[in-house]
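Structure first, commentary second.
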Amino acid sequence: MRRFTLIAIPYFWLLVLFLVPFVIVLKISLSDVALARPPYTPQLDLSLGWEGLRTFFSGLDFENFVFLTTDDLYWKAYVSSLKIALVSTLLTLMVGYPIAYGMARAPNEWRPTLLMLVILPFWTSFLIRVYSWMGILANEGTLNTVLLWLGVIDTPLQIMNTNTAVYIGIVYTYLPFMVLPIYSALEKMDESLIEAAEDLGCSKLAAFWLVTWPLSRNGIIAGCFLVFIPAIGEFVIPSLLGGSGTLMIGKVLFEEFFSNRDWPVASAVAVILLLILIIPIILFQRNEQKAREAEG
Amino acid sequence: MAQTVFAPWKDRDQKPLIEFRNVTKRFGDFTAIDNLSLNIYEREFFALLGPSGCGKTTMMRMLAGFESVTEGHIWLGGQDIISVPPNKRPVNMMFQSYALFPHLSIWDNIAFGLRRESKDKEMIGERVEEMLRLTRLTKFAKRKPHQISGGQRQRVALARSLAKAPKLLLLDEPLGALDKKLREETQFELMDIQETTGTTFVIVTHDQEEAMTVASRIAVMDEGRLVQVDTPDVIYEAPNSVYVADFIGDVNLIPGTARLRPAEPEPPVAAPTLAKDPAPVAEAPAPATETTAPPPTAQADAPADARQPAPNERGEWIYKKVFARFLGQRDLATPQLPPPSPGELAAARKAEADAERANTPTPDAARAPAPAAKPHGTETKSGGILIDWAEGQPPIIVANGDTALDGKPVTLSIRPEKVTIDLEKPDRPNVLPGKVIDIAYLGNISTYHVELASGRMVKAQMVNARRLSNRHITWEDAVWIGFTETAGVVLEE
Ligand SMILES: Nc1ncnc2c1ncn2[C@@H]1O[C@H](COP(=O)(O)OP(=O)(O)OP(=O)(O)O)[C@@H](O)[C@H]1O
Ligand SMILES: [Mg+2]
């Protein structure tokens with residue numbers, strides 16, 4: 001009985017926090033726009049009993065999903081989001097791996113401090129941090145001022161409102177999610193494995209590729225998913241740092257929802273996004289499971 | 001006999017495989033290895049033994065190339081290797097933690113080093129199979145390291161380090177994780193493998209029994225220095241210091257002061273037969289000694305003369321023969337004596353000592369057996385030294401003691417198994433009365449802790465070969481412990 005209660009609590013939270021909202025969004029995506037409040041029909045009216053339920057279900061259809069295929073804005077936004085998420089995941093890996101490696105090889109007494117530094121940005125509001133990047137990347141921003149002063153450039157670099165700014169923003173924001181799992185994988189690794197590899201004839205580089213890299217693989221995969229999954233639906237970064245040319249599904253969703261007040265279409269966009277994300281999420285879970293089995 | 005025994009370290013022409021030349025290793029201002037020189041020869045099974053933190057692992061890591069050398073040089077097969085990186089050295093190491101690659105199968109683990117040599121696949125396959133057979137792991141080839149037992153993992157580590165057929169194999173506490181039975185089995189396996197492959201092994205161990213079992217030579221280390229490097233039997237039987245004696249096995253350490261042992265109190269009738277040695281023994285008063293009169297021949301094979309610093313004696317002799325004529329007599333004790341013998345000097349000193357003792361007669365002097373009482377079978381070797389170890393106790397006779405130690409503080413080290421314990425006073429050169437305080441029964445042997453009259457504890461060990469026919473010795477029994485005049489080793493402080 002007690003075991004059952006223990007298991008029931010997380011499932012209850014999952015139900016309340018994930019499944020119920022999802023069902024609501026799914027329902028809206030199957031509805032039609034209406035000038036009403038809330039702005040869609042049909043509404044479920046339980047006072048009419050079975051009759052109400054039947055009229056409610058007959059009012060639902062897949063119209064909005066069909067609409068998404070007719071306008072190429074939507075699939076272009078999906079593809080562009082996937083591309084931006086993929087590229088920024090790779091960039092984050094390239095920046096994050098050396099950081100994690102350095103941390104794992106640092107003297108023991110430094111490690112807590114280094115970990116703190118990685119987590120430190122979470123202590124300030126995400127929005128404020130993105131705003132400060134606007135200050136850094138703007139034409140008259142810190143970066144251009146410094147580069148101009150150094151004489152590296154003579155006209156300011158146009159970084160703000162481009163995809164570059166979006167990449168910088170995503171890499172910066174999600175870096176801890178990449179660093180932490182890789183660090184934990186590398187930290188667990190016995191350093192004598194590297195020595196054993198060298199002892200058996202590996203150069204330092206070969207030892208890295210044949211031992212360190214494969215042993216940090218689970219950390220890398222976990223980190224990549226932790227960056228990739230939220231980056232696809234990212235909204236704040238592309239809308240604040242990106243320009244008109246930056247097409248991301250999060251931005252489209254926001255506009256449908258708030259500018260067009262077309263909740264049903266916005267919900268359909270969200271449902272599709274979720275379906276797209278389910279694949280990497282399942283892969284991620286598989287990887288975690290395998291990692292646990294290999295350890296146990 | 002010398003031809004069949006493997007002892008390259010005795011052969012001056014033999015080139016060592018490994019040569020440490022004045023190697024020093026410092027970590028910051030801490031000296032881990034202190035100006036150490038050592039030769040290790042091909043096909044040796046060399047053990048490094050010492051307490052924790054004495055620098056054993058550091059030595060290994062310098063050989064493997066993971067630790068730089070602060071000062072000095074290490075030569076391997078005629079090549080100075082201090083600047084050779086680990087992957088270029090013909091050395092493989094079996095790590096204490098095994099360091100098996102967790103992401104690779106047992107097969108791939110063993111093949112790892114071979115693949116780096118870009119050998120062709122078939123040769124690698126053959127070699128891996130051979131290693132698997134040698135370590136009896138064929139069944140487990142496809143498993144991952146976490147799917148096999150600790151003992152099997154240890155064998156994988158061994159197979160992996162042997163696969164490349166290194167000139168030198170380093171084993172850092174290879175058997176530490178195994179239980180006693182498996183460890184013993186594996187020790188013999190290791191020796192077998194070492195013999196069949198002809199590889200030179202250097203092994204680090206905490207376990208002195210293990211070192212004694214497997215090693216051709218043992219180096220006992222202390223704080224980055226070598227204290228003694230010798231074969232296991234020499235280390236055990238003739239440790240060169242209190243430290244080594246105490247570190248290896250169980251030992252009784254009896255501190256005292258050395259003094260020259262008087263020449264044998266020879267019966268007056270025997271003296272004339274010794275044409276060569278008209279030693280002044282007849283004049284020498286010899287009442288207070290436990291030794292018996294040896295037959296004349298005993299003097300001839302006495303080792304004492306060999307141990308005495310030869311130049312001094314010869315110098316003495318030359319002085320007397322040649323220079324004394326011009327410079328006058330120097331030796332006041334034996335002014336008139338023509339060709340002096342090695343025993344002479346000792347006799348003179350003994351006379352002195354006895355005179356001294358006569359002034360302060362001790363109770364045990366009276367107890368000493370009469371010289372003539374000894375039967376012929378238990379003759380006591382002559383020469384060597386006496387050790388005064390406690391007030392009012394007879395000195396301990398050490399025939400193999402270096403006479404140069406005269407007057408110096410020394411420690412007698414004697415193994416418990418060389419000390420006998422009896423209820424009746426036995427007929428042995430050294431006999432001391434005591435009381436049994438404790439008995440440790442270990443099945444095959446028993447160790448008796450005996451308190452001597454001086455309060456000193458001595459351990460005596462007896463093999464429980466059969467049920468004792470004489471009375472069983474038990475707690476609080478008054479007993480006699482005994483040992484021969486050559487059972488112990490005299491160690492200088
Ligand atoms: N990297 C290092 N930095 C500083 N000191 C070190 C380092 N490695 C070893 N030492 C010191 O050098 C000394 C010798 O160490 P080493 O590991 O060789 O000991 P050991 O004889 O193998 O001991 P054990 O039997 O416990 O393994 C120790 O006092 C140790 O603290
Ligand atoms: Mg060690």
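Following the order of the structure tokens, chains are lettered A, B, ..., residues in each are numbered from 1, and ligands are numbered from 1.
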
### Query
Neighbours of ligand 1 within 7 Å, counting only C-alpha atoms and all ligand atoms, as a ChimeraX atom specification?
/B:27-28,30,32,50-59,206

Counting only C-alpha atoms, a student should be able to say which residues of chain A come within 7 Å of chain B; what is the right answer, written as a PDB file with N, CA, C and O atoms, in the first residue's frame?
```pdb
ATOM      1  N   SER A 192      43.231   6.437 -14.511  1.00  0.00           N
ATOM      2  CA  SER A 192      44.219   5.416 -14.866  1.00  0.00           C
ATOM      3  C   SER A 192      43.859   4.733 -16.195  1.00  0.00           C
ATOM      4  O   SER A 192      44.709   4.085 -16.799  1.00  0.00           O
ATOM      5  N   LEU A 193      42.611   4.903 -16.662  1.00  0.00           N
ATOM      6  CA  LEU A 193      42.256   4.348 -17.972  1.00  0.00           C
ATOM      7  C   LEU A 193      43.071   5.012 -19.077  1.00  0.00           C
ATOM      8  O   LEU A 193      43.504   4.361 -20.024  1.00  0.00           O
ATOM      9  N   ALA A 196      46.472   3.684 -18.835  1.00  0.00           N
ATOM     10  CA  ALA A 196      46.506   2.327 -19.385  1.00  0.00           C
ATOM     11  C   ALA A 196      46.551   2.380 -20.904  1.00  0.00           C
ATOM     12  O   ALA A 196      47.310   1.639 -21.538  1.00  0.00           O
ATOM     13  N   GLU A 198      47.711   4.811 -22.783  1.00  0.00           N
ATOM     14  CA  GLU A 198      49.043   5.256 -23.197  1.00  0.00           C
ATOM     15  C   GLU A 198      50.070   4.146 -23.013  1.00  0.00           C
ATOM     16  O   GLU A 198      50.956   3.951 -23.837  1.00  0.00           O
ATOM     17  N   ASP A 199      49.911   3.434 -21.923  1.00  0.00           N
ATOM     18  CA  ASP A 199      50.822   2.333 -21.635  1.00  0.00           C
ATOM     19  C   ASP A 199      50.780   1.288 -22.738  1.00  0.00           C
ATOM     20  O   ASP A 199      51.777   0.658 -23.063  1.00  0.00           O
ATOM     21  N   LEU A 200      49.587   1.124 -23.322  1.00  0.00           N
ATOM     22  CA  LEU A 200      49.425   0.112 -24.366  1.00  0.00           C
ATOM     23  C   LEU A 200      49.735   0.668 -25.747  1.00  0.00           C
ATOM     24  O   LEU A 200      49.416   0.041 -26.753  1.00  0.00           O
ATOM     25  N   GLY A 201      50.295   1.851 -25.814  1.00  0.00           N
ATOM     26  CA  GLY A 201      50.805   2.339 -27.085  1.00  0.00           C
ATOM     27  C   GLY A 201      50.036   3.475 -27.726  1.00  0.00           C
ATOM     28  O   GLY A 201      50.303   3.834 -28.865  1.00  0.00           O
ATOM     29  N   CYS A 202      49.060   4.069 -27.025  1.00  0.00           N
ATOM     30  CA  CYS A 202      48.302   5.175 -27.605  1.00  0.00           C
ATOM     31  C   CYS A 202      49.043   6.486 -27.407  1.00  0.00           C
ATOM     32  O   CYS A 202      49.626   6.708 -26.347  1.00  0.00           O
ATOM     33  N   SER A 203      48.953   7.368 -28.410  1.00  0.00           N
ATOM     34  CA  SER A 203      49.391   8.733 -28.181  1.00  0.00           C
ATOM     35  C   SER A 203      48.316   9.397 -27.341  1.00  0.00           C
ATOM     36  O   SER A 203      47.236   8.837 -27.149  1.00  0.00           O
ATOM     37  N   LEU A 215      33.785   7.048 -23.501  1.00  0.00           N
ATOM     38  CA  LEU A 215      33.277   6.946 -22.131  1.00  0.00           C
ATOM     39  C   LEU A 215      32.457   8.163 -21.726  1.00  0.00           C
ATOM     40  O   LEU A 215      31.697   8.106 -20.772  1.00  0.00           O
TER      41      LEU A 215
END
```

### Task
Please identify which residues in segment 138-283 of chain B DSSP calls strand (DSSP E) from the backbone, and express them as a VMD selection string.
chain B and resid 168 to 172 200 to 205 217 to 222 225 to 230 252 to 260

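Near segment 146-160 of chain A, within 6 Å and counting only C-alpha atoms, sit Leu137, Ala138, Asn139 and Leu241 of chain A, not including residues fewer than 6 positions from it in the same chain.
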
### Task
Fewer than 5 positions away in the same chain doesn't count, so skip those; otherwise give me all residues within 9 Å of Met248 of chain A, counting only C-alpha atoms, as a ChimeraX atom specification.
/A:76-82,84,232-235,238-239,253

Give me a file of those residues, with all heavy atoms, as an mmCIF file, in the first residue's frame.
```
data_model
loop_
_atom_site.group_PDB
_atom_site.id
_atom_site.type_symbol
_atom_site.label_atom_id
_atom_site.label_comp_id
_atom_site.auth_asym_id
_atom_site.auth_seq_id
_atom_site.Cartn_x
_atom_site.Cartn_y
_atom_site.Cartn_z
ATOM 1 N N LYS A 76 8.024 25.606 -43.137
ATOM 2 C CA LYS A 76 9.330 26.272 -43.199
ATOM 3 C C LYS A 76 9.822 26.642 -41.802
ATOM 4 O O LYS A 76 11.007 26.531 -41.484
ATOM 5 C CB LYS A 76 9.241 27.535 -44.059
ATOM 6 C CG LYS A 76 9.451 27.252 -45.526
ATOM 7 C CD LYS A 76 9.504 28.548 -46.314
ATOM 8 C CE LYS A 76 9.710 28.263 -47.787
ATOM 9 N NZ LYS A 76 9.253 29.396 -48.613
ATOM 10 N N ALA A 77 8.857 27.090 -40.969
ATOM 11 C CA ALA A 77 9.231 27.455 -39.599
ATOM 12 C C ALA A 77 9.712 26.228 -38.828
ATOM 13 O O ALA A 77 10.699 26.292 -38.084
ATOM 14 C CB ALA A 77 8.043 28.083 -38.882
ATOM 15 N N TYR A 78 9.027 25.101 -39.041
ATOM 16 C CA TYR A 78 9.474 23.873 -38.369
ATOM 17 C C TYR A 78 10.885 23.494 -38.796
ATOM 18 O O TYR A 78 11.763 23.227 -37.969
ATOM 19 C CB TYR A 78 8.518 22.703 -38.690
ATOM 20 C CG TYR A 78 7.247 22.728 -37.875
ATOM 21 C CD1 TYR A 78 6.007 22.799 -38.495
ATOM 22 C CD2 TYR A 78 7.298 22.666 -36.485
ATOM 23 C CE1 TYR A 78 4.839 22.819 -37.761
ATOM 24 C CE2 TYR A 78 6.135 22.675 -35.741
ATOM 25 C CZ TYR A 78 4.904 22.757 -36.377
ATOM 26 O OH TYR A 78 3.772 22.770 -35.643
ATOM 27 N N VAL A 79 11.097 23.470 -40.103
ATOM 28 C CA VAL A 79 12.411 23.067 -40.616
ATOM 29 C C VAL A 79 13.494 24.022 -40.126
ATOM 30 O O VAL A 79 14.556 23.599 -39.665
ATOM 31 C CB VAL A 79 12.390 23.003 -42.165
ATOM 32 C CG1 VAL A 79 13.794 22.798 -42.708
ATOM 33 C CG2 VAL A 79 11.465 21.894 -42.639
ATOM 34 N N SER A 80 13.180 25.322 -40.188
ATOM 35 C CA SER A 80 14.157 26.311 -39.759
ATOM 36 C C SER A 80 14.470 26.148 -38.265
ATOM 37 O O SER A 80 15.622 26.259 -37.842
ATOM 38 C CB SER A 80 13.621 27.707 -40.059
ATOM 39 O OG SER A 80 14.341 28.663 -39.334
ATOM 40 N N SER A 81 13.421 25.863 -37.475
ATOM 41 C CA SER A 81 13.647 25.659 -36.032
ATOM 42 C C SER A 81 14.553 24.463 -35.793
ATOM 43 O O SER A 81 15.487 24.523 -34.980
ATOM 44 C CB SER A 81 12.331 25.400 -35.314
ATOM 45 O OG SER A 81 11.518 26.511 -35.391
ATOM 46 N N LEU A 82 14.263 23.376 -36.524
ATOM 47 C CA LEU A 82 15.080 22.176 -36.377
ATOM 48 C C LEU A 82 16.533 22.482 -36.724
ATOM 49 O O LEU A 82 17.459 22.052 -36.034
ATOM 50 C CB LEU A 82 14.552 21.062 -37.285
ATOM 51 C CG LEU A 82 13.329 20.309 -36.764
ATOM 52 C CD1 LEU A 82 12.791 19.356 -37.826
ATOM 53 C CD2 LEU A 82 13.676 19.533 -35.500
ATOM 54 N N ILE A 84 18.098 25.455 -36.735
ATOM 55 C CA ILE A 84 18.737 26.328 -35.733
ATOM 56 C C ILE A 84 19.062 25.532 -34.465
ATOM 57 O O ILE A 84 20.146 25.645 -33.891
ATOM 58 C CB ILE A 84 17.825 27.534 -35.416
ATOM 59 C CG1 ILE A 84 17.804 28.475 -36.632
ATOM 60 C CG2 ILE A 84 18.323 28.275 -34.178
ATOM 61 C CD1 ILE A 84 16.893 29.659 -36.483
ATOM 62 N N ILE A 232 14.351 23.861 -29.919
ATOM 63 C CA ILE A 232 13.411 23.845 -31.050
ATOM 64 C C ILE A 232 12.257 24.807 -30.807
ATOM 65 O O ILE A 232 11.873 25.583 -31.669
ATOM 66 C CB ILE A 232 12.839 22.414 -31.263
ATOM 67 C CG1 ILE A 232 13.937 21.497 -31.771
ATOM 68 C CG2 ILE A 232 11.699 22.445 -32.269
ATOM 69 C CD1 ILE A 232 13.436 20.094 -32.027
ATOM 70 N N GLY A 233 11.726 24.781 -29.605
ATOM 71 C CA GLY A 233 10.559 25.619 -29.313
ATOM 72 C C GLY A 233 10.923 26.973 -28.739
ATOM 73 O O GLY A 233 10.057 27.705 -28.280
ATOM 74 N N GLU A 234 12.202 27.319 -28.787
ATOM 75 C CA GLU A 234 12.661 28.564 -28.173
ATOM 76 C C GLU A 234 11.923 29.767 -28.764
ATOM 77 O O GLU A 234 11.734 29.888 -29.973
ATOM 78 C CB GLU A 234 14.169 28.699 -28.398
ATOM 79 C CG GLU A 234 14.808 29.896 -27.741
ATOM 80 C CD GLU A 234 14.502 29.961 -26.253
ATOM 81 O OE1 GLU A 234 14.830 29.014 -25.495
ATOM 82 O OE2 GLU A 234 13.914 30.983 -25.842
ATOM 83 N N PHE A 235 11.490 30.673 -27.865
ATOM 84 C CA PHE A 235 10.763 31.852 -28.341
ATOM 85 C C PHE A 235 11.455 33.159 -27.964
ATOM 86 O O PHE A 235 11.647 34.033 -28.795
ATOM 87 C CB PHE A 235 9.338 31.831 -27.770
ATOM 88 C CG PHE A 235 8.681 33.164 -27.783
ATOM 89 C CD1 PHE A 235 8.316 33.750 -28.999
ATOM 90 C CD2 PHE A 235 8.465 33.868 -26.605
ATOM 91 C CE1 PHE A 235 7.725 34.998 -29.020
ATOM 92 C CE2 PHE A 235 7.888 35.121 -26.628
ATOM 93 C CZ PHE A 235 7.517 35.681 -27.841
ATOM 94 N N PRO A 238 14.983 34.040 -30.076
ATOM 95 C CA PRO A 238 14.825 34.534 -31.455
ATOM 96 C C PRO A 238 14.035 35.833 -31.531
ATOM 97 O O PRO A 238 14.332 36.670 -32.377
ATOM 98 C CB PRO A 238 14.093 33.398 -32.176
ATOM 99 C CG PRO A 238 13.545 32.522 -31.115
ATOM 100 C CD PRO A 238 14.431 32.669 -29.933
ATOM 101 N N SER A 239 13.062 36.042 -30.636
ATOM 102 C CA SER A 239 12.292 37.272 -30.783
ATOM 103 C C SER A 239 13.063 38.481 -30.256
ATOM 104 O O SER A 239 12.847 39.587 -30.733
ATOM 105 C CB SER A 239 10.930 37.155 -30.109
ATOM 106 O OG SER A 239 11.083 36.874 -28.749
ATOM 107 N N LEU A 253 4.161 30.520 -33.206
ATOM 108 C CA LEU A 253 3.142 30.138 -32.237
ATOM 109 C C LEU A 253 2.670 31.339 -31.433
ATOM 110 O O LEU A 253 1.480 31.574 -31.251
ATOM 111 C CB LEU A 253 3.749 29.085 -31.313
ATOM 112 C CG LEU A 253 2.810 28.146 -30.585
ATOM 113 C CD1 LEU A 253 3.494 26.793 -30.405
ATOM 114 C CD2 LEU A 253 2.388 28.697 -29.245
#
```

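What separates atom CA of Phe46 of chain B from atom CA of Trp107 of chain B is a distance of 29.1 Å.
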
### Task
Might you pull out every residue within 6 Å of segment 18-28 of chain A, with only C-alpha atoms counted and same-chain residues fewer than 3 positions away left off, and present them as a PyMOL selection string?
chain A and resi 14-15+31+264+267

Only all heavy atoms, please: the residues just picked out, written as a short mmCIF file (atom, residue, chain, number, x, y, z; two decimals), in the first residue's frame.
```cif
data_model
loop_
_atom_site.label_atom_id
_atom_site.label_comp_id
_atom_site.auth_asym_id
_atom_site.auth_seq_id
_atom_site.Cartn_x
_atom_site.Cartn_y
_atom_site.Cartn_z
N LEU A 14 2.24 14.10 -12.79
CA LEU A 14 2.35 14.02 -14.25
C LEU A 14 1.01 14.28 -14.89
O LEU A 14 0.89 15.01 -15.88
CB LEU A 14 2.83 12.62 -14.65
CG LEU A 14 4.30 12.47 -14.98
CD1 LEU A 14 4.62 11.02 -15.30
CD2 LEU A 14 4.65 13.36 -16.17
N LEU A 15 -0.01 13.70 -14.30
CA LEU A 15 -1.37 13.83 -14.82
C LEU A 15 -1.81 15.28 -14.78
O LEU A 15 -2.28 15.85 -15.77
CB LEU A 15 -2.30 12.96 -13.96
CG LEU A 15 -3.70 12.72 -14.52
CD1 LEU A 15 -3.61 11.71 -15.64
CD2 LEU A 15 -4.63 12.22 -13.41
N SER A 31 -10.77 22.70 -32.39
CA SER A 31 -11.94 23.58 -32.41
C SER A 31 -11.84 24.58 -33.55
O SER A 31 -10.90 24.54 -34.35
CB SER A 31 -12.05 24.34 -31.07
OG SER A 31 -11.90 23.46 -29.99
N PRO A 264 -7.03 28.13 -31.89
CA PRO A 264 -7.03 26.77 -32.45
C PRO A 264 -5.81 26.50 -33.34
O PRO A 264 -5.18 25.45 -33.20
CB PRO A 264 -8.32 26.72 -33.26
CG PRO A 264 -9.21 27.67 -32.55
CD PRO A 264 -8.32 28.80 -32.11
N SER A 267 -2.75 26.21 -31.21
CA SER A 267 -2.73 24.94 -30.51
C SER A 267 -2.31 23.81 -31.44
O SER A 267 -1.56 22.91 -31.05
CB SER A 267 -4.10 24.63 -29.93
OG SER A 267 -4.47 25.62 -29.02
#
```

### Within 12 Å of Thr212 of chain A using only C-alpha atoms, minus same-chain residues under 4 positions, as an MDAnalysis selection string
(chainID A and resid 97 101 104:105 182:183 185:197 204:208 216:220) or (chainID B and resid 101:103)

Please produce an output containing N, CA and C atoms for each residue in the selection, written as a compact mmCIF listing (two decimals), in the first residue's frame.
```txt
# COMPACT_ATOMS: atom_id res chain seq x y z
N TYR A 97 32.08 20.94 -24.28
CA TYR A 97 32.93 19.78 -23.99
C TYR A 97 34.27 20.17 -23.37
N TYR A 101 35.54 19.10 -19.75
CA TYR A 101 36.79 18.35 -19.66
C TYR A 101 37.76 19.04 -18.70
N ALA A 104 36.61 18.58 -15.15
CA ALA A 104 36.82 17.22 -14.63
C ALA A 104 38.29 16.95 -14.35
N ARG A 105 39.19 17.65 -15.07
CA ARG A 105 40.62 17.43 -14.86
C ARG A 105 41.22 18.43 -13.89
N ILE A 182 28.08 16.14 -19.27
CA ILE A 182 29.39 15.69 -19.76
C ILE A 182 30.39 15.68 -18.61
N TYR A 183 30.31 16.72 -17.77
CA TYR A 183 31.21 16.77 -16.62
C TYR A 183 31.01 15.55 -15.73
N ALA A 185 29.93 12.66 -16.49
CA ALA A 185 30.45 11.44 -17.13
C ALA A 185 31.98 11.42 -17.05
N LEU A 186 32.60 12.55 -17.30
CA LEU A 186 34.08 12.60 -17.30
C LEU A 186 34.64 12.46 -15.89
N GLU A 187 33.92 13.02 -14.94
CA GLU A 187 34.42 12.99 -13.57
C GLU A 187 34.44 11.56 -13.03
N LYS A 188 33.45 10.77 -13.47
CA LYS A 188 33.37 9.39 -13.02
C LYS A 188 34.49 8.54 -13.59
N MET A 189 35.05 9.01 -14.71
CA MET A 189 36.03 8.19 -15.42
C MET A 189 37.33 8.08 -14.62
N ASP A 190 37.83 6.88 -14.52
CA ASP A 190 39.06 6.62 -13.80
C ASP A 190 40.24 7.12 -14.66
N GLU A 191 41.05 7.99 -14.08
CA GLU A 191 42.14 8.57 -14.87
C GLU A 191 43.18 7.52 -15.28
N SER A 192 43.23 6.44 -14.51
CA SER A 192 44.22 5.42 -14.87
C SER A 192 43.86 4.73 -16.19
N LEU A 193 42.61 4.90 -16.66
CA LEU A 193 42.26 4.35 -17.97
C LEU A 193 43.07 5.01 -19.08
N ILE A 194 43.27 6.32 -18.94
CA ILE A 194 44.05 7.04 -19.93
C ILE A 194 45.50 6.55 -19.89
N GLU A 195 45.99 6.40 -18.64
CA GLU A 195 47.36 5.91 -18.50
C GLU A 195 47.48 4.51 -19.08
N ALA A 196 46.47 3.68 -18.84
CA ALA A 196 46.51 2.33 -19.38
C ALA A 196 46.55 2.38 -20.90
N ALA A 197 45.76 3.28 -21.50
CA ALA A 197 45.76 3.39 -22.96
C ALA A 197 47.12 3.83 -23.47
N LYS A 204 48.59 10.62 -26.86
CA LYS A 204 47.59 11.29 -26.02
C LYS A 204 46.28 11.49 -26.78
N LEU A 205 46.40 11.87 -28.07
CA LEU A 205 45.21 12.11 -28.87
C LEU A 205 44.43 10.82 -29.09
N ALA A 206 45.17 9.75 -29.41
CA ALA A 206 44.50 8.46 -29.63
C ALA A 206 43.80 7.99 -28.36
N ALA A 207 44.45 8.22 -27.23
CA ALA A 207 43.84 7.81 -25.96
C ALA A 207 42.54 8.57 -25.74
N PHE A 208 42.53 9.85 -26.16
CA PHE A 208 41.30 10.62 -26.01
C PHE A 208 40.18 10.03 -26.88
N SER A 216 32.61 9.27 -22.47
CA SER A 216 31.77 10.43 -22.14
C SER A 216 30.56 10.47 -23.06
N ARG A 217 30.39 9.46 -23.89
CA ARG A 217 29.32 9.46 -24.89
C ARG A 217 27.95 9.67 -24.27
N ASN A 218 27.67 8.97 -23.19
CA ASN A 218 26.35 9.12 -22.58
C ASN A 218 26.11 10.54 -22.12
N GLY A 219 27.13 11.17 -21.57
CA GLY A 219 27.02 12.55 -21.16
C GLY A 219 26.78 13.47 -22.35
N ILE A 220 27.47 13.19 -23.44
CA ILE A 220 27.32 14.00 -24.64
C ILE A 220 25.90 13.89 -25.18
N PHE B 101 39.06 -1.18 -19.81
CA PHE B 101 38.19 -0.23 -20.51
C PHE B 101 36.76 -0.73 -20.43
N PRO B 102 35.89 0.00 -19.73
CA PRO B 102 34.54 -0.53 -19.48
C PRO B 102 33.69 -0.62 -20.74
N HIS B 103 34.04 0.16 -21.77
CA HIS B 103 33.20 0.17 -22.98
C HIS B 103 33.62 -0.91 -23.96
```
